[in-house]
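**Q** Pasting a structure here, questions to come.
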Amino acid sequence: MTEHLTIDFAPLIPIELIGVFGALGLILCFFALRGKSKGWFWRFLSLALLLGALAHPIAQHALLQPVKDVALLLVDESQSQNLPPRKEQMATLLPKLRETLNAQPDLEWREIRVKGRDVTALGAEMLQGFADVAPERRAGIVAVTDGEAHDIDGLMPQLGNLGPAHVLLTGKRGEEDRRLLMTEVPHYGLVGQTVTLKFQIIDKPRQQTERALVTLRGADGTERTIAAAVGKEMAVDLPLAHAGDNIFILSAEPAPNDLSLANNRAVVKVRGVRERLRVLLVSGEPHPGERSWRNLLKSDPSVDLVHFTILRSPQKMDSTPVHELALISFPVRELFEEKLKSFDLIVFDRFRKQGMLPMNYLDNIARYVEEGGAFLDASGPSYVTAQSLYRTPLSRILPAEPVDGALREERFVPALAEAGKIHPVTARLETADHWGPWYRQTETKAARGQVLMTGAGGLPLLVLDRVGKGRVAQLTSDQIWLWAHGHEGGGPHVELMRRLAHWLMQEPELEEGLLQLSVVEENEGYRLVIKRPGGAPAQDSAALTAPDGSTQDIALTPNEAGDAAEASVALAAPGMYQLHHDGREQIIAAGNPDAKELQDLRATGDILRPLAEASGGGIFWLADHPQGVEIRRTAPRARHAGDGWLGLRRNGQSIVAGMKAEELLPAWAWVVMIAATAMLAWRKEGK
């Protein structure tokens, strides 16, 4: 603590009067000097002392306490800093740097860790770190980074008064990096057609090779190799095999000295949509529910419906030829031989074996399903009779087997089976507590497939099955139309049929066993949360592929409630992640897959050099200074950087710890001095 003396004045009379007296006194002294008066000097001195006494000088004694300057240590912990040898360089440097800063007695320093997600905001962190520090106390900034800062240009005017900014660069000079850039990505396309994807291979800092190989893995798992010209935009056609998300993976081969593979790979997700959905509905006989099926399918403008009803009553036993029973000829050959594969879904509504369809056409339907088609059967009472479709070639695809020709005619309320509570088709439907009753059901047993709903006496009501490449659904009652009419409250008729149709046509979002994925942002990055609904086996796992192509196994364990298998895993970097489980592949993005952080991974001093030069700081490559750089305290107007050393400004600021005020001279001293000078003037003039 030091003492500082200042002189202040507390005039005994208005300062204006003192000025007037002083002017008059000077005039009198001037005339005395011209008249060659011998005492003019003493008269002048006496006047000055009188004016000084009237001004009443006060001695101010201030006690000053020095304050420490403040410096910032910015540690860049963005994703690009994990590349070798940057992480190792930081681990070696930071302990020494902290020790050196702690050794400065007049310096306070703050360490700020910059967690870059999509961007590295060094400029914003600098401003935030000095927000509560007065400009005259700022000693400067030491930033340990690879130089990839994305907000410096826009903040340069505000960064000018933070003190000298020094940059300690990790990495190596002349790094080379290859990046796969998606220049035009289609988001939608029609199923069965192709969309065009455009991409470009960028080599920095120069084109390392003229051509590079790119591997494209299609949505169906097949791979092909493309020879792409480096630096030029390339186009490739992507076939959309199915509705929903079609996933394509592109991987560019590494460059000779490629810095990282994290940006050599891209995952593209294109949603396939159907231009028109072609549905064939065949009603075996007129009945109250026939119009409900037709209304449901016709309500969707994207559905092209072909509907035929066989008008012959099952009780009609005349000898009218079959070909004369309909108003128009039933185009059996055209529908079930020539155009069968053009339909996306075939629905049989109370259809039975009655000679309308030859067995070879029913065999065509079974083969259509086995090759990837979709078939829905709403069984009527005839399913448990000799006219049952189970007594035709369709038996090899129908999952419900009739039992003893029994037909249940009683009131029952459909209910979800255990499998139905977790299956995407029926899970989270409107609560079953409010469903209306049905009154008829064929007695069957599930020969194969999954029972999602049960009816009278717990018998299978809705059964789903995969047959070959296709899918089959079977309702063992023809009374779902009661829900459509709102009988005693009705039920989720529309939603159930919509989900059922989408599952039959293999929409990916309705795949059973599909994992529920979500990404949560954390302070340190991202976390992937995985949940598989339903009971889980004791041992279950999934394989996670990161953006750089590395893979890891993740164990899924049952939760405490026992109704799901769960896992969570920290993600090392933003980008597109692939999860492989039970033969399926799912994609989820963490952060922005096209983040600036991944666009150029090379270490560089070019971005921060304007800030360093404008503030008087320096750029230092740690590769040139493996033991770090010397830190000095420098004067405000001195040079702040040199060969192997950096300077933090010493501002020399203090705060006033106390004040003491006293008269410069006591009153009697002024009187004595004024009287003495007046007497000397009188004595000189009296000689």
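Order determines the names: the first chain of the structure tokens is A, the second B, and so forth; residues in each chain are numbered 1 upward, and ligands are numbered 1 upward as they are shown.
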Find the spatial neighbours of Thr215 in chain A, counting only C-alpha atoms, within a cut-off of 8 Å - ignore same-chain residues fewer than 3 positions away - and output them as a list in words.
**A**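 Residues near the query, excluding close chain neighbours: Glu223, Arg224, Thr225, Ile226, Ile249, Leu250, Ser251, Ala252 and Glu253 of chain A.
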**Q** Now that the selection is made, can you save its residues with C-alpha atoms as a PDB file, in the first residue's frame?
**A**
ATOM      1  CA  GLU A 223     -22.760 -51.538 -52.634  1.00  0.00           C
ATOM      2  CA  ARG A 224     -21.221 -49.956 -55.693  1.00  0.00           C
ATOM      3  CA  THR A 225     -18.024 -47.990 -56.250  1.00  0.00           C
ATOM      4  CA  ILE A 226     -17.872 -44.621 -58.036  1.00  0.00           C
ATOM      5  CA  ILE A 249     -24.216 -44.268 -47.064  1.00  0.00           C
ATOM      6  CA  LEU A 250     -21.370 -42.683 -49.027  1.00  0.00           C
ATOM      7  CA  SER A 251     -17.735 -43.173 -48.021  1.00  0.00           C
ATOM      8  CA  ALA A 252     -14.787 -41.541 -49.758  1.00  0.00           C
ATOM      9  CA  GLU A 253     -11.464 -43.364 -49.617  1.00  0.00           C
TER      10      GLU A 253
END
**Q** I'd like the contact shell of range 635-645 of chain A - 6 Å cut-off, only C-alpha atoms, skipping same-chain residues fewer than 6 positions apart - returned as a VMD selection string.
**A** chain A and resid 616 to 618 629
**Q** Filtering to C-alpha atoms, could you give me those residues as a tab-separated table (two decimals), in the first residue's frame?
**A**
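Written file, out.tsv:
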chain	number	residue	atom	x	y	z
A	616	GLY	CA	-0.28	-6.76	-30.30
A	617	GLY	CA	-0.40	-10.49	-29.55
A	618	GLY	CA	1.38	-13.37	-31.24
A	629	VAL	CA	6.38	-20.33	-24.41
**Q** Near Ala447 in chain A, counting only C-alpha atoms, which residues have an atom at most 10 Å away, once you skip same-chain residues fewer than 5 positions from it, shown as a CSV table (one decimal) with N, CA, C and O atoms, in the first residue's frame?
**A**
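Below you can see around.csv, which holds the result:
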chain,number,residue,atom,x,y,z
A,398,LEU,N,-52.3,-68.0,-44.8
A,398,LEU,CA,-53.2,-67.5,-43.7
A,398,LEU,C,-52.8,-68.0,-42.4
A,398,LEU,O,-52.6,-69.2,-42.2
A,399,PRO,N,-52.6,-67.1,-41.4
A,399,PRO,CA,-52.1,-67.6,-40.1
A,399,PRO,C,-53.1,-68.2,-39.1
A,399,PRO,O,-52.8,-68.9,-38.2
A,400,ALA,N,-54.5,-67.9,-39.3
A,400,ALA,CA,-55.5,-68.4,-38.4
A,400,ALA,C,-56.1,-69.7,-39.0
A,400,ALA,O,-56.7,-69.7,-40.1
A,401,GLU,N,-56.0,-70.8,-38.2
A,401,GLU,CA,-56.5,-72.1,-38.7
A,401,GLU,C,-57.9,-72.3,-38.0
A,401,GLU,O,-58.0,-72.2,-36.8
A,402,PRO,N,-59.0,-72.6,-38.8
A,402,PRO,CA,-60.3,-72.8,-38.2
A,402,PRO,C,-60.3,-74.1,-37.3
A,402,PRO,O,-59.6,-75.1,-37.6
A,463,VAL,N,-54.6,-61.3,-36.4
A,463,VAL,CA,-53.3,-62.0,-36.4
A,463,VAL,C,-52.5,-61.5,-37.6
A,463,VAL,O,-53.0,-61.3,-38.7
**Q** Need the shell around Arg265 in chain A: protein/DNA/RNA residues with any atom at most 12 Å away, counting only C-alpha atoms. Skip same-chain ones fewer than 6 positions apart. Format as a ChimeraX atom specification?
**A** /A:178-182,199-201,214-217,248-254,545-550,575-577,593-594,598
**Q** Pick from A:Leu72, A:Val347, A:Ala415, A:Leu261: nearest to Val167 in chain A, with only C-alpha atoms counted?
**A**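 Of all the options, A:Leu72 lies closest to Val167 in chain A.
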**Q** Out of A:Gly436, A:Gly231, A:Gly192, A:Gly405, which residue has the shortest atom-to-atom distance to Ser342 in chain A when counting only C-alpha atoms?
**A** A:Gly192
**Q** Skipping near chain neighbours, those fewer than 2 positions away, what residues fall within 10 Å of Arg396 in chain A using only C-alpha atoms, listed as a PyMOL selection string?
**A** chain A and resi 363+366-367+370+390-394+398-399+467
**Q** Taking N, CA and C atoms for each residue, export the selection above as a PDB file, in the first residue's frame.
**A**
ATOM      1  N   ASP A 363     -53.639 -69.563 -55.954  1.00  0.00           N
ATOM      2  CA  ASP A 363     -52.217 -69.863 -55.814  1.00  0.00           C
ATOM      3  C   ASP A 363     -51.376 -68.664 -56.248  1.00  0.00           C
ATOM      4  N   ALA A 366     -51.220 -66.305 -53.315  1.00  0.00           N
ATOM      5  CA  ALA A 366     -50.261 -66.777 -52.311  1.00  0.00           C
ATOM      6  C   ALA A 366     -48.831 -66.486 -52.754  1.00  0.00           C
ATOM      7  N   ARG A 367     -48.551 -66.721 -54.033  1.00  0.00           N
ATOM      8  CA  ARG A 367     -47.204 -66.464 -54.548  1.00  0.00           C
ATOM      9  C   ARG A 367     -46.907 -64.957 -54.557  1.00  0.00           C
ATOM     10  N   GLU A 370     -45.799 -64.109 -51.091  1.00  0.00           N
ATOM     11  CA  GLU A 370     -44.475 -64.647 -50.807  1.00  0.00           C
ATOM     12  C   GLU A 370     -43.378 -63.849 -51.493  1.00  0.00           C
ATOM     13  N   TYR A 390     -59.260 -71.466 -46.079  1.00  0.00           N
ATOM     14  CA  TYR A 390     -58.179 -72.288 -45.536  1.00  0.00           C
ATOM     15  C   TYR A 390     -58.100 -73.637 -46.248  1.00  0.00           C
ATOM     16  N   ARG A 391     -59.125 -73.933 -47.044  1.00  0.00           N
ATOM     17  CA  ARG A 391     -59.129 -75.173 -47.828  1.00  0.00           C
ATOM     18  C   ARG A 391     -58.687 -74.922 -49.272  1.00  0.00           C
ATOM     19  N   THR A 392     -57.960 -73.837 -49.469  1.00  0.00           N
ATOM     20  CA  THR A 392     -57.444 -73.469 -50.793  1.00  0.00           C
ATOM     21  C   THR A 392     -55.933 -73.261 -50.683  1.00  0.00           C
ATOM     22  N   PRO A 393     -55.247 -72.970 -51.786  1.00  0.00           N
ATOM     23  CA  PRO A 393     -53.807 -72.676 -51.705  1.00  0.00           C
ATOM     24  C   PRO A 393     -53.467 -71.513 -50.784  1.00  0.00           C
ATOM     25  N   LEU A 394     -54.478 -70.696 -50.410  1.00  0.00           N
ATOM     26  CA  LEU A 394     -54.205 -69.581 -49.499  1.00  0.00           C
ATOM     27  C   LEU A 394     -53.872 -70.059 -48.091  1.00  0.00           C
ATOM     28  N   LEU A 398     -52.303 -67.957 -44.770  1.00  0.00           N
ATOM     29  CA  LEU A 398     -53.241 -67.510 -43.740  1.00  0.00           C
ATOM     30  C   LEU A 398     -52.790 -68.017 -42.370  1.00  0.00           C
ATOM     31  N   PRO A 399     -52.649 -67.130 -41.374  1.00  0.00           N
ATOM     32  CA  PRO A 399     -52.114 -67.559 -40.077  1.00  0.00           C
ATOM     33  C   PRO A 399     -53.144 -68.184 -39.146  1.00  0.00           C
ATOM     34  N   VAL A 467     -44.815 -63.638 -44.460  1.00  0.00           N
ATOM     35  CA  VAL A 467     -44.763 -64.817 -45.311  1.00  0.00           C
ATOM     36  C   VAL A 467     -43.798 -64.520 -46.454  1.00  0.00           C
TER      37      VAL A 467
END
**Q** Any idea what the distance is between CA of Ala241 in chain A and CA of Ala219 in chain A?
**A**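 Pair CA of Ala241 in chain A / CA of Ala219 in chain A returns 7.1 Å.
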**Q** When you count only C-alpha atoms, which of these residues is closest to Arg291 in chain A: A:Asp349, A:Thr426, A:Asp540, A:Arg584?
**A**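 Once distances to Arg291 in chain A are computed over only C-alpha atoms, the minimum belongs to A:Asp349.
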